[in-house]
file upload-v3.cif (mmCIF, C-alpha atoms, pLDDT in the B column; chains and numbers go by the auth columns)
data_data
loop_
_atom_site.group_PDB
_atom_site.id
_atom_site.type_symbol
_atom_site.label_atom_id
_atom_site.label_comp_id
_atom_site.label_asym_id
_atom_site.label_seq_id
_atom_site.Cartn_x
_atom_site.Cartn_y
_atom_site.Cartn_z
_atom_site.B_iso_or_equiv
_atom_site.auth_seq_id
_atom_site.auth_asym_id
ATOM 1 C CA MET A 1 4.281 -14.908 11.627 35.00 181 A
ATOM 2 C CA PHE A 2 1.059 -14.996 9.698 39.00 182 A
ATOM 3 C CA ALA A 3 -1.064 -18.057 9.074 39.00 183 A
ATOM 4 C CA ASP A 4 0.853 -18.805 5.881 45.00 184 A
ATOM 5 C CA ALA A 5 4.058 -18.971 7.970 45.00 185 A
ATOM 6 C CA GLN A 6 5.820 -16.403 5.781 65.00 186 A
ATOM 7 C CA ALA A 7 8.421 -14.349 7.609 77.00 187 A
ATOM 8 C CA HIS A 8 8.029 -10.589 7.550 85.00 188 A
ATOM 9 C CA THR A 9 10.254 -8.620 5.215 82.00 189 A
ATOM 10 C CA LEU A 10 12.273 -5.672 6.530 92.00 190 A
ATOM 11 C CA THR A 11 15.084 -4.570 4.267 94.00 191 A
ATOM 12 C CA ARG A 12 17.079 -1.510 3.263 95.00 192 A
ATOM 13 C CA ASP A 13 18.223 -3.199 0.040 96.00 193 A
ATOM 14 C CA PHE A 14 15.987 -1.114 -2.201 96.00 194 A
ATOM 15 C CA MET A 15 18.037 -2.017 -5.287 95.00 195 A
ATOM 16 C CA ALA A 16 17.215 -5.724 -5.067 96.00 196 A
ATOM 17 C CA ALA A 17 13.619 -5.034 -4.031 96.00 197 A
ATOM 18 C CA GLY A 18 13.218 -2.570 -6.897 96.00 198 A
ATOM 19 C CA HIS A 19 14.583 -5.062 -9.437 96.00 199 A
ATOM 20 C CA ARG A 20 12.020 -7.644 -8.366 97.00 200 A
ATOM 21 C CA HIS A 21 9.294 -4.996 -8.282 97.00 201 A
ATOM 22 C CA ASN A 22 9.992 -4.016 -11.883 96.00 202 A
ATOM 23 C CA GLY A 23 9.752 -7.622 -13.016 97.00 203 A
ATOM 24 C CA ASP A 24 6.504 -8.150 -11.140 97.00 204 A
ATOM 25 C CA MET A 25 5.014 -4.948 -12.573 97.00 205 A
ATOM 26 C CA ALA A 26 5.887 -6.113 -16.091 96.00 206 A
ATOM 27 C CA TYR A 27 3.950 -9.295 -15.303 97.00 207 A
ATOM 28 C CA LEU A 28 0.926 -7.358 -13.969 96.00 208 A
ATOM 29 C CA ASN A 29 0.923 -4.914 -16.880 94.00 209 A
ATOM 30 C CA HIS A 30 0.803 -7.841 -19.276 95.00 210 A
ATOM 31 C CA LEU A 31 -1.866 -9.608 -17.245 95.00 211 A
ATOM 32 C CA ILE A 32 -4.334 -6.707 -17.223 92.00 212 A
ATOM 33 C CA ILE A 33 -4.573 -6.601 -21.017 90.00 213 A
ATOM 34 C CA THR A 34 -5.772 -10.209 -21.100 93.00 214 A
ATOM 35 C CA PRO A 35 -9.351 -11.358 -20.463 93.00 215 A
ATOM 36 C CA ALA A 36 -8.158 -13.317 -17.428 93.00 216 A
ATOM 37 C CA GLY A 37 -6.681 -10.166 -15.906 93.00 217 A
ATOM 38 C CA ARG A 38 -9.724 -7.936 -16.345 91.00 218 A
ATOM 39 C CA PRO A 39 -11.302 -8.719 -12.939 93.00 219 A
ATOM 40 C CA PHE A 40 -8.031 -7.775 -11.274 94.00 220 A
ATOM 41 C CA LEU A 41 -7.804 -4.540 -13.255 92.00 221 A
ATOM 42 C CA GLU A 42 -11.377 -3.558 -12.424 90.00 222 A
ATOM 43 C CA SER A 43 -10.774 -4.149 -8.705 92.00 223 A
ATOM 44 C CA ILE A 44 -8.076 -1.446 -8.578 94.00 224 A
ATOM 45 C CA PRO A 45 -9.293 2.004 -7.460 93.00 225 A
ATOM 46 C CA VAL A 46 -8.998 4.831 -9.956 91.00 226 A
ATOM 47 C CA TYR A 47 -6.432 7.496 -9.125 92.00 227 A
ATOM 48 C CA ARG A 48 -8.425 10.644 -8.379 89.00 228 A
ATOM 49 C CA PRO A 49 -6.254 12.863 -6.175 90.00 229 A
ATOM 50 C CA ARG A 50 -8.846 15.647 -6.090 87.00 230 A
ATOM 51 C CA ASP A 51 -10.969 13.377 -3.891 87.00 231 A
ATOM 52 C CA TRP A 52 -8.167 13.246 -1.315 86.00 232 A
ATOM 53 C CA ASP A 53 -6.028 16.373 -1.458 71.00 233 A
ATOM 54 C CA GLY A 54 -6.455 18.547 1.594 72.00 234 A
ATOM 55 C CA TYR A 55 -8.817 16.068 3.235 70.00 235 A
ATOM 56 C CA HIS A 56 -7.468 15.984 6.787 79.00 236 A
ATOM 57 C CA ASN A 57 -9.709 13.199 8.109 85.00 237 A
ATOM 58 C CA THR A 58 -7.657 10.567 6.275 91.00 238 A
ATOM 59 C CA ASN A 59 -4.103 9.233 6.276 92.00 239 A
ATOM 60 C CA CYS A 60 -1.864 6.904 4.271 94.00 240 A
ATOM 61 C CA THR A 61 -3.756 3.841 5.512 94.00 241 A
ATOM 62 C CA SER A 62 -7.076 5.398 4.513 94.00 242 A
ATOM 63 C CA PHE A 63 -5.662 5.946 1.031 95.00 243 A
ATOM 64 C CA ALA A 64 -4.179 2.447 0.743 96.00 244 A
ATOM 65 C CA PHE A 65 -7.524 0.970 1.835 95.00 245 A
ATOM 66 C CA ASN A 66 -9.430 3.490 -0.348 94.00 246 A
ATOM 67 C CA ARG A 67 -11.615 4.664 2.538 92.00 247 A
ATOM 68 C CA LEU A 68 -12.463 8.349 2.371 88.00 248 A
ATOM 69 C CA GLY A 69 -13.530 9.953 5.627 85.00 249 A
ATOM 70 C CA GLN A 70 -11.920 7.291 7.824 86.00 250 A
ATOM 71 C CA ARG A 71 -8.639 8.051 9.545 88.00 251 A
ATOM 72 C CA ILE A 72 -7.565 4.494 10.289 89.00 252 A
ATOM 73 C CA GLN A 73 -4.483 2.694 11.473 90.00 253 A
ATOM 74 C CA PRO A 74 -3.391 -0.957 11.278 91.00 254 A
ATOM 75 C CA GLY A 75 -5.594 -3.128 13.479 89.00 255 A
ATOM 76 C CA PHE A 76 -8.554 -0.732 13.613 85.00 256 A
ATOM 77 C CA LEU A 77 -10.752 -2.698 11.224 85.00 257 A
ATOM 78 C CA GLY A 78 -10.127 -5.908 13.124 80.00 258 A
ATOM 79 C CA THR A 79 -10.430 -4.586 16.675 75.00 259 A
ATOM 80 C CA GLY A 80 -12.103 -1.173 16.447 72.00 260 A
ATOM 81 C CA GLN A 81 -9.226 0.258 18.459 69.00 261 A
ATOM 82 C CA THR A 82 -6.928 3.032 17.267 64.00 262 A
ATOM 83 C CA ARG A 83 -3.232 3.049 18.105 59.00 263 A
ATOM 84 C CA THR A 84 -2.878 5.782 20.712 48.00 264 A
ATOM 85 C CA ASN A 85 0.555 6.798 19.437 52.00 265 A
ATOM 86 C CA ASN A 86 1.549 6.058 15.879 56.00 266 A
ATOM 87 C CA MET A 87 5.221 6.859 16.417 55.00 267 A
ATOM 88 C CA ARG A 88 6.696 4.819 19.243 59.00 268 A
ATOM 89 C CA PRO A 89 10.292 4.831 20.531 58.00 269 A
ATOM 90 C CA GLU A 90 10.376 1.058 20.957 67.00 270 A
ATOM 91 C CA GLY A 91 12.900 -0.067 18.364 85.00 271 A
ATOM 92 C CA LEU A 92 12.251 -0.651 14.678 90.00 272 A
ATOM 93 C CA ASP A 93 11.996 -4.443 14.779 90.00 273 A
ATOM 94 C CA ALA A 94 9.496 -4.434 17.643 88.00 274 A
ATOM 95 C CA TYR A 95 7.524 -1.608 16.051 90.00 275 A
ATOM 96 C CA ALA A 96 7.365 -3.351 12.661 92.00 276 A
ATOM 97 C CA GLU A 97 6.279 -6.595 14.315 91.00 277 A
ATOM 98 C CA ASP A 98 3.476 -4.733 16.088 89.00 278 A
ATOM 99 C CA VAL A 99 2.268 -3.169 12.819 92.00 279 A
ATOM 100 C CA HIS A 100 2.336 -6.559 11.081 93.00 280 A
ATOM 101 C CA ARG A 101 0.444 -8.106 13.998 91.00 281 A
ATOM 102 C CA SER A 102 -2.174 -5.371 13.748 91.00 282 A
ATOM 103 C CA LEU A 103 -2.573 -5.953 10.007 93.00 283 A
ATOM 104 C CA ARG A 104 -3.054 -9.637 10.691 92.00 284 A
ATOM 105 C CA GLN A 105 -5.988 -8.630 12.917 90.00 285 A
ATOM 106 C CA ASP A 106 -7.379 -6.759 9.905 92.00 286 A
ATOM 107 C CA GLU A 107 -7.082 -10.031 7.932 92.00 287 A
ATOM 108 C CA LEU A 108 -4.860 -8.607 5.212 95.00 288 A
ATOM 109 C CA PRO A 109 -2.951 -11.237 3.205 95.00 289 A
ATOM 110 C CA TYR A 110 0.781 -10.648 3.522 97.00 290 A
ATOM 111 C CA LEU A 111 2.707 -11.112 0.283 97.00 291 A
ATOM 112 C CA GLY A 112 6.278 -10.518 1.428 95.00 292 A
ATOM 113 C CA ASP A 113 8.284 -9.418 -1.597 94.00 293 A
ATOM 114 C CA ASN A 114 6.106 -11.361 -4.072 95.00 294 A
ATOM 115 C CA LEU A 115 3.955 -8.712 -5.732 96.00 295 A
ATOM 116 C CA ARG A 116 2.579 -11.147 -8.313 95.00 296 A
ATOM 117 C CA ASP A 117 0.887 -13.115 -5.549 95.00 297 A
ATOM 118 C CA CYS A 118 -1.655 -10.301 -5.085 96.00 298 A
ATOM 119 C CA VAL A 119 -3.780 -11.546 -7.995 96.00 299 A
ATOM 120 C CA GLY A 120 -6.880 -13.204 -6.591 94.00 300 A
ATOM 121 C CA LYS A 121 -6.188 -11.852 -3.106 96.00 301 A
ATOM 122 C CA GLY A 122 -6.647 -8.090 -3.441 96.00 302 A
ATOM 123 C CA VAL A 123 -5.118 -4.820 -4.568 97.00 303 A
ATOM 124 C CA PRO A 124 -1.459 -4.512 -3.552 98.00 304 A
ATOM 125 C CA ALA A 125 0.040 -1.861 -1.305 98.00 305 A
ATOM 126 C CA ALA A 126 3.684 -1.548 -0.278 98.00 306 A
ATOM 127 C CA LEU A 127 4.541 -0.985 3.385 98.00 307 A
ATOM 128 C CA PHE A 128 7.545 1.100 4.405 97.00 308 A
ATOM 129 C CA PHE A 129 9.057 2.018 7.763 96.00 309 A
ATOM 130 C CA GLN A 130 11.300 4.710 9.158 93.00 310 A
ATOM 131 C CA SER A 131 13.287 4.988 12.357 89.00 311 A
ATOM 132 C CA VAL A 132 13.943 8.560 13.465 80.00 312 A
ATOM 133 C CA GLY A 133 14.996 10.320 16.626 73.00 313 A
ATOM 134 C CA ASP A 134 11.578 10.399 18.270 72.00 314 A
ATOM 135 C CA GLY A 135 10.384 6.931 17.298 80.00 315 A
ATOM 136 C CA GLU A 136 9.290 4.781 14.394 89.00 316 A
ATOM 137 C CA ASP A 137 6.627 5.241 11.737 92.00 317 A
ATOM 138 C CA TYR A 138 5.092 3.362 8.822 94.00 318 A
ATOM 139 C CA HIS A 139 3.845 4.482 5.415 96.00 319 A
ATOM 140 C CA TRP A 140 1.869 2.962 2.519 97.00 320 A
ATOM 141 C CA ILE A 141 2.282 3.375 -1.234 98.00 321 A
ATOM 142 C CA ALA A 142 -0.606 1.734 -3.113 98.00 322 A
ATOM 143 C CA LEU A 143 -1.426 0.577 -6.634 97.00 323 A
ATOM 144 C CA ARG A 144 -3.958 2.650 -8.585 96.00 324 A
ATOM 145 C CA ARG A 145 -5.163 2.843 -12.159 93.00 325 A
ATOM 146 C CA THR A 146 -5.595 5.984 -14.185 89.00 326 A
ATOM 147 C CA PHE A 147 -8.807 6.596 -16.073 76.00 327 A
ATOM 148 C CA ASN A 148 -9.360 8.769 -19.130 72.00 328 A
ATOM 149 C CA GLU A 149 -12.546 10.744 -18.553 69.00 329 A
ATOM 150 C CA SER A 150 -12.826 11.632 -22.258 69.00 330 A
ATOM 151 C CA SER A 151 -12.547 8.132 -23.661 67.00 331 A
ATOM 152 C CA GLN A 152 -13.967 6.476 -20.536 66.00 332 A
ATOM 153 C CA ARG A 153 -11.168 3.929 -20.722 69.00 333 A
ATOM 154 C CA TYR A 154 -8.432 2.694 -18.402 67.00 334 A
ATOM 155 C CA ASP A 155 -5.001 4.148 -19.141 71.00 335 A
ATOM 156 C CA ARG A 156 -2.312 2.545 -16.981 85.00 336 A
ATOM 157 C CA LEU A 157 -1.249 1.279 -13.568 94.00 337 A
ATOM 158 C CA ILE A 158 0.538 3.691 -11.234 96.00 338 A
ATOM 159 C CA TRP A 159 1.645 3.792 -7.597 97.00 339 A
ATOM 160 C CA ALA A 160 0.505 6.622 -5.329 97.00 340 A
ATOM 161 C CA ASP A 161 0.334 7.635 -1.688 96.00 341 A
ATOM 162 C CA LYS A 162 -1.044 10.165 0.753 94.00 342 A
ATOM 163 C CA LEU A 163 1.620 11.952 2.756 92.00 343 A
ATOM 164 C CA GLY A 164 0.126 14.475 5.138 87.00 344 A
ATOM 165 C CA SER A 165 -2.667 16.239 3.284 87.00 345 A
ATOM 166 C CA VAL A 166 -1.214 15.632 -0.183 89.00 346 A
ATOM 167 C CA VAL A 167 -1.924 12.739 -2.539 92.00 347 A
ATOM 168 C CA SER A 168 0.537 12.202 -5.371 93.00 348 A
ATOM 169 C CA HIS A 169 1.769 9.451 -7.643 94.00 349 A
ATOM 170 C CA CYS A 170 5.319 8.245 -8.095 94.00 350 A
ATOM 171 C CA GLY A 171 5.663 9.485 -11.663 88.00 351 A
ATOM 172 C CA GLU A 172 9.070 8.510 -13.010 85.00 352 A
ATOM 173 C CA THR A 173 10.333 7.785 -9.494 91.00 353 A
ATOM 174 C CA SER A 174 10.100 4.226 -8.209 95.00 354 A
ATOM 175 C CA ILE A 175 8.102 3.458 -5.089 97.00 355 A
ATOM 176 C CA PHE A 176 11.431 2.911 -3.361 97.00 356 A
ATOM 177 C CA GLY A 177 12.795 6.251 -4.488 96.00 357 A
ATOM 178 C CA LYS A 178 9.620 8.005 -3.350 96.00 358 A
ATOM 179 C CA ALA A 179 9.738 6.264 0.024 96.00 359 A
ATOM 180 C CA ARG A 180 13.377 7.182 0.544 95.00 360 A
ATOM 181 C CA LEU A 181 12.736 10.834 -0.346 94.00 361 A
ATOM 182 C CA SER A 182 10.168 10.820 2.481 92.00 362 A
ATOM 183 C CA ARG A 183 12.729 9.219 4.853 93.00 363 A
ATOM 184 C CA TYR A 184 11.087 5.800 4.860 96.00 364 A
ATOM 185 C CA GLU A 185 14.197 3.713 4.320 96.00 365 A
ATOM 186 C CA TYR A 186 12.977 0.224 5.209 97.00 366 A
ATOM 187 C CA PHE A 187 10.726 -1.904 3.000 98.00 367 A
ATOM 188 C CA GLY A 188 8.280 -4.057 4.934 97.00 368 A
ATOM 189 C CA GLY A 189 6.832 -6.037 2.026 97.00 369 A
ATOM 190 C CA TYR A 190 3.543 -5.980 0.160 98.00 370 A
ATOM 191 C CA TYR A 191 0.027 -6.590 1.392 97.00 371 A
ATOM 192 C CA ALA A 192 -3.080 -7.387 -0.624 97.00 372 A
ATOM 193 C CA ILE A 193 -6.076 -5.254 0.326 96.00 373 A
ATOM 194 C CA PRO A 194 -9.039 -7.632 -0.137 94.00 374 A
ATOM 195 C CA ALA A 195 -12.412 -6.570 -1.502 92.00 375 A
ATOM 196 C CA LYS A 196 -14.085 -6.853 1.916 90.00 376 A
ATOM 197 C CA ILE A 197 -11.718 -4.157 3.230 90.00 377 A
ATOM 198 C CA LEU A 198 -11.090 -2.057 0.143 89.00 378 A
ATOM 199 C CA GLY A 199 -13.428 0.869 -0.326 77.00 379 A
ATOM 200 C CA THR A 200 -15.546 0.603 -3.448 60.00 380 A
ATOM 201 C CA PRO A 201 -13.387 1.303 -6.531 50.00 381 A
ATOM 202 C CA GLU A 202 -14.473 4.300 -8.562 50.00 382 A
ATOM 203 C CA VAL A 203 -15.942 3.604 -11.996 38.00 383 A
#

call {"tool": "encode", "arguments": {"input": "upload-v3.cif", "output": "structure tokens"}}
result
Amino acid sequence: MFADAQAHTLTRDFMAAGHRHNGDMAYLNHLIITPAGRPFLESIPVYRPRDWDGYHNTNCTSFAFNRLGQRIQPGFLGTGQTRTNNMRPEGLDAYAEDVHRSLRQDELPYLGDNLRDCVGKGVPAALFFQSVGDGEDYHWIALRRTFNESSQRYDRLIWADKLGSVVSHCGETSIFGKARLSRYEYFGGYYAIPAKILGTPEV
């Protein structure tokens, strides 16, 4: 477990997780229109898929951490070492524990299923897992804000990810629906990406 002694989340109950997610997003969407929520809003990277699409030297972790030009994996920022094999046939529970342990080395605050707890800790990203025939894998879907170039004003909060060479947002699909469509059927909880790790948000 992490320093805060919170157990890791690993669930296939996307209905319950989605219900809580919707409530937490309603809270965050209300918060960002208040003066107290402005620092949180301004810490969230702007969604600019053209900066990422087709860029092969990045992955889902790079996108979640907003670090262009760095193909990184959990634990790299804390140890400088890259996982030699992302997909490992070691069993989902053991694999998920290893990923969580690596993220602890990166000093990411773990939020479990409490998305609201990201405020003051960093920009949230949701961690998903899959277990397939040749091993296990993880995937991130991260919070972004849209920005209107014409009015130079923030529009709204969205969730987006980088899968392969393509960056896209969830649109009308929930993060859980998008994860499931990509065969990531286990939710591993939220992390907060702190400012010291997060690449500089676009302005």

call {"tool": "residues_around", "arguments": {"input": "upload-v3.cif", "residues": "Ile213 in chain A", "least_positions_apart": "4", "cutoff": "12 Å", "atoms": "only C-alpha atoms", "output": "PDB file with C-alpha atoms, keeping the file's coordinate frame"}}
result
ATOM      1  CA  ALA A 206       5.887  -6.113 -16.091  1.00 96.00           C
ATOM      2  CA  TYR A 207       3.950  -9.295 -15.303  1.00 97.00           C
ATOM      3  CA  LEU A 208       0.926  -7.358 -13.969  1.00 96.00           C
ATOM      4  CA  ASN A 209       0.923  -4.914 -16.880  1.00 94.00           C
ATOM      5  CA  GLY A 217      -6.681 -10.166 -15.906  1.00 93.00           C
ATOM      6  CA  ARG A 218      -9.724  -7.936 -16.345  1.00 91.00           C
ATOM      7  CA  PRO A 219     -11.302  -8.719 -12.939  1.00 93.00           C
ATOM      8  CA  PHE A 220      -8.031  -7.775 -11.274  1.00 94.00           C
ATOM      9  CA  LEU A 221      -7.804  -4.540 -13.255  1.00 92.00           C
ATOM     10  CA  GLU A 222     -11.377  -3.558 -12.424  1.00 90.00           C
ATOM     11  CA  TYR A 334      -8.432   2.694 -18.402  1.00 67.00           C
ATOM     12  CA  ASP A 335      -5.001   4.148 -19.141  1.00 71.00           C
ATOM     13  CA  ARG A 336      -2.312   2.545 -16.981  1.00 85.00           C
ATOM     14  CA  LEU A 337      -1.249   1.279 -13.568  1.00 94.00           C
TER      15      LEU A 337
END

call {"tool": "atom_distance", "arguments": {"input": "upload-v3.cif", "atom1": "CA of Ile212 in chain A", "atom2": "CA of Leu307 in chain A"}}
result
23.2 Å

call {"tool": "atom_distance", "arguments": {"input": "upload-v3.cif", "atom1": "CA of Asp278 in chain A", "atom2": "CA of Ala306 in chain A"}}
result
16.7 Å

call {"tool": "closest_residue", "arguments": {"input": "upload-v3.cif", "among": "A:Trp339, A:Leu295, A:Phe256, A:Tyr227", "to": "Gly203 in chain A", "atoms": "only C-alpha atoms"}}
result
A:Leu295

call {"tool": "residues_near_point", "arguments": {"input": "upload-v3.cif", "point": "(-1.5, -9.7, 13.9)", "cutoff": "10 Å", "atoms": "all atoms listed in the file", "output": "list in words"}}
result
Met181, Phe182, Ala183, Pro254, Gly255, Gly258, Glu277, Asp278, Val279, His280, Arg281, Ser282, Leu283, Arg284, Gln285, Asp286, Glu287 and Leu288 of chain A

call {"tool": "write_last_selection", "arguments": {"input": "upload-v3.cif", "atoms": "C-alpha atoms", "output": "mmCIF file, in the coordinates of the input"}}
result
data_model
loop_
_atom_site.group_PDB
_atom_site.id
_atom_site.type_symbol
_atom_site.label_atom_id
_atom_site.label_comp_id
_atom_site.auth_asym_id
_atom_site.auth_seq_id
_atom_site.Cartn_x
_atom_site.Cartn_y
_atom_site.Cartn_z
ATOM 1 C CA MET A 181 4.281 -14.908 11.627
ATOM 2 C CA PHE A 182 1.059 -14.996 9.698
ATOM 3 C CA ALA A 183 -1.064 -18.057 9.074
ATOM 4 C CA PRO A 254 -3.391 -0.957 11.278
ATOM 5 C CA GLY A 255 -5.594 -3.128 13.479
ATOM 6 C CA GLY A 258 -10.127 -5.908 13.124
ATOM 7 C CA GLU A 277 6.279 -6.595 14.315
ATOM 8 C CA ASP A 278 3.476 -4.733 16.088
ATOM 9 C CA VAL A 279 2.268 -3.169 12.819
ATOM 10 C CA HIS A 280 2.336 -6.559 11.081
ATOM 11 C CA ARG A 281 0.444 -8.106 13.998
ATOM 12 C CA SER A 282 -2.174 -5.371 13.748
ATOM 13 C CA LEU A 283 -2.573 -5.953 10.007
ATOM 14 C CA ARG A 284 -3.054 -9.637 10.691
ATOM 15 C CA GLN A 285 -5.988 -8.630 12.917
ATOM 16 C CA ASP A 286 -7.379 -6.759 9.905
ATOM 17 C CA GLU A 287 -7.082 -10.031 7.932
ATOM 18 C CA LEU A 288 -4.860 -8.607 5.212
#

call {"tool": "atom_distance", "arguments": {"input": "upload-v3.cif", "atom1": "CA of Ser354 in chain A", "atom2": "CA of Asn328 in chain A"}}
result
22.8 Å

call {"tool": "resolve_selection", "arguments": {"input": "upload-v3.cif", "expression": "the PyMOL selection byres ((chain A and resi 374-378) around 9)", "output": "PyMOL selection string"}}
result
chain A and resi 223+225+244-247+257+286-289+300-304+372-373+379-381

call {"tool": "write_last_selection", "arguments": {"input": "upload-v3.cif", "atoms": "C-alpha atoms", "output": "mmCIF file, keeping the file's coordinate frame"}}
result
data_model
loop_
_atom_site.group_PDB
_atom_site.id
_atom_site.type_symbol
_atom_site.label_atom_id
_atom_site.label_comp_id
_atom_site.auth_asym_id
_atom_site.auth_seq_id
_atom_site.Cartn_x
_atom_site.Cartn_y
_atom_site.Cartn_z
ATOM 1 C CA SER A 223 -10.774 -4.149 -8.705
ATOM 2 C CA PRO A 225 -9.293 2.004 -7.460
ATOM 3 C CA ALA A 244 -4.179 2.447 0.743
ATOM 4 C CA PHE A 245 -7.524 0.970 1.835
ATOM 5 C CA ASN A 246 -9.430 3.490 -0.348
ATOM 6 C CA ARG A 247 -11.615 4.664 2.538
ATOM 7 C CA LEU A 257 -10.752 -2.698 11.224
ATOM 8 C CA ASP A 286 -7.379 -6.759 9.905
ATOM 9 C CA GLU A 287 -7.082 -10.031 7.932
ATOM 10 C CA LEU A 288 -4.860 -8.607 5.212
ATOM 11 C CA PRO A 289 -2.951 -11.237 3.205
ATOM 12 C CA GLY A 300 -6.880 -13.204 -6.591
ATOM 13 C CA LYS A 301 -6.188 -11.852 -3.106
ATOM 14 C CA GLY A 302 -6.647 -8.090 -3.441
ATOM 15 C CA VAL A 303 -5.118 -4.820 -4.568
ATOM 16 C CA PRO A 304 -1.459 -4.512 -3.552
ATOM 17 C CA ALA A 372 -3.080 -7.387 -0.624
ATOM 18 C CA ILE A 373 -6.076 -5.254 0.326
ATOM 19 C CA GLY A 379 -13.428 0.869 -0.326
ATOM 20 C CA THR A 380 -15.546 0.603 -3.448
ATOM 21 C CA PRO A 381 -13.387 1.303 -6.531
#

call {"tool": "residues_around", "arguments": {"input": "upload-v3.cif", "residues": "Phe308 in chain A", "least_positions_apart": "4", "cutoff": "9 Å", "atoms": "all atoms listed in the file", "output": "PDB file with C-alpha atoms, keeping the file's coordinate frame"}}
result
ATOM      1  CA  LEU A 190      12.273  -5.672   6.530  1.00 92.00           C
ATOM      2  CA  ASP A 317       6.627   5.241  11.737  1.00 92.00           C
ATOM      3  CA  TYR A 318       5.092   3.362   8.822  1.00 94.00           C
ATOM      4  CA  HIS A 319       3.845   4.482   5.415  1.00 96.00           C
ATOM      5  CA  TRP A 320       1.869   2.962   2.519  1.00 97.00           C
ATOM      6  CA  ILE A 321       2.282   3.375  -1.234  1.00 98.00           C
ATOM      7  CA  PHE A 356      11.431   2.911  -3.361  1.00 97.00           C
ATOM      8  CA  ALA A 359       9.738   6.264   0.024  1.00 96.00           C
ATOM      9  CA  TYR A 364      11.087   5.800   4.860  1.00 96.00           C
ATOM     10  CA  GLU A 365      14.197   3.713   4.320  1.00 96.00           C
ATOM     11  CA  TYR A 366      12.977   0.224   5.209  1.00 97.00           C
ATOM     12  CA  PHE A 367      10.726  -1.904   3.000  1.00 98.00           C
ATOM     13  CA  GLY A 368       8.280  -4.057   4.934  1.00 97.00           C
ATOM     14  CA  GLY A 369       6.832  -6.037   2.026  1.00 97.00           C
TER      15      GLY A 369
END
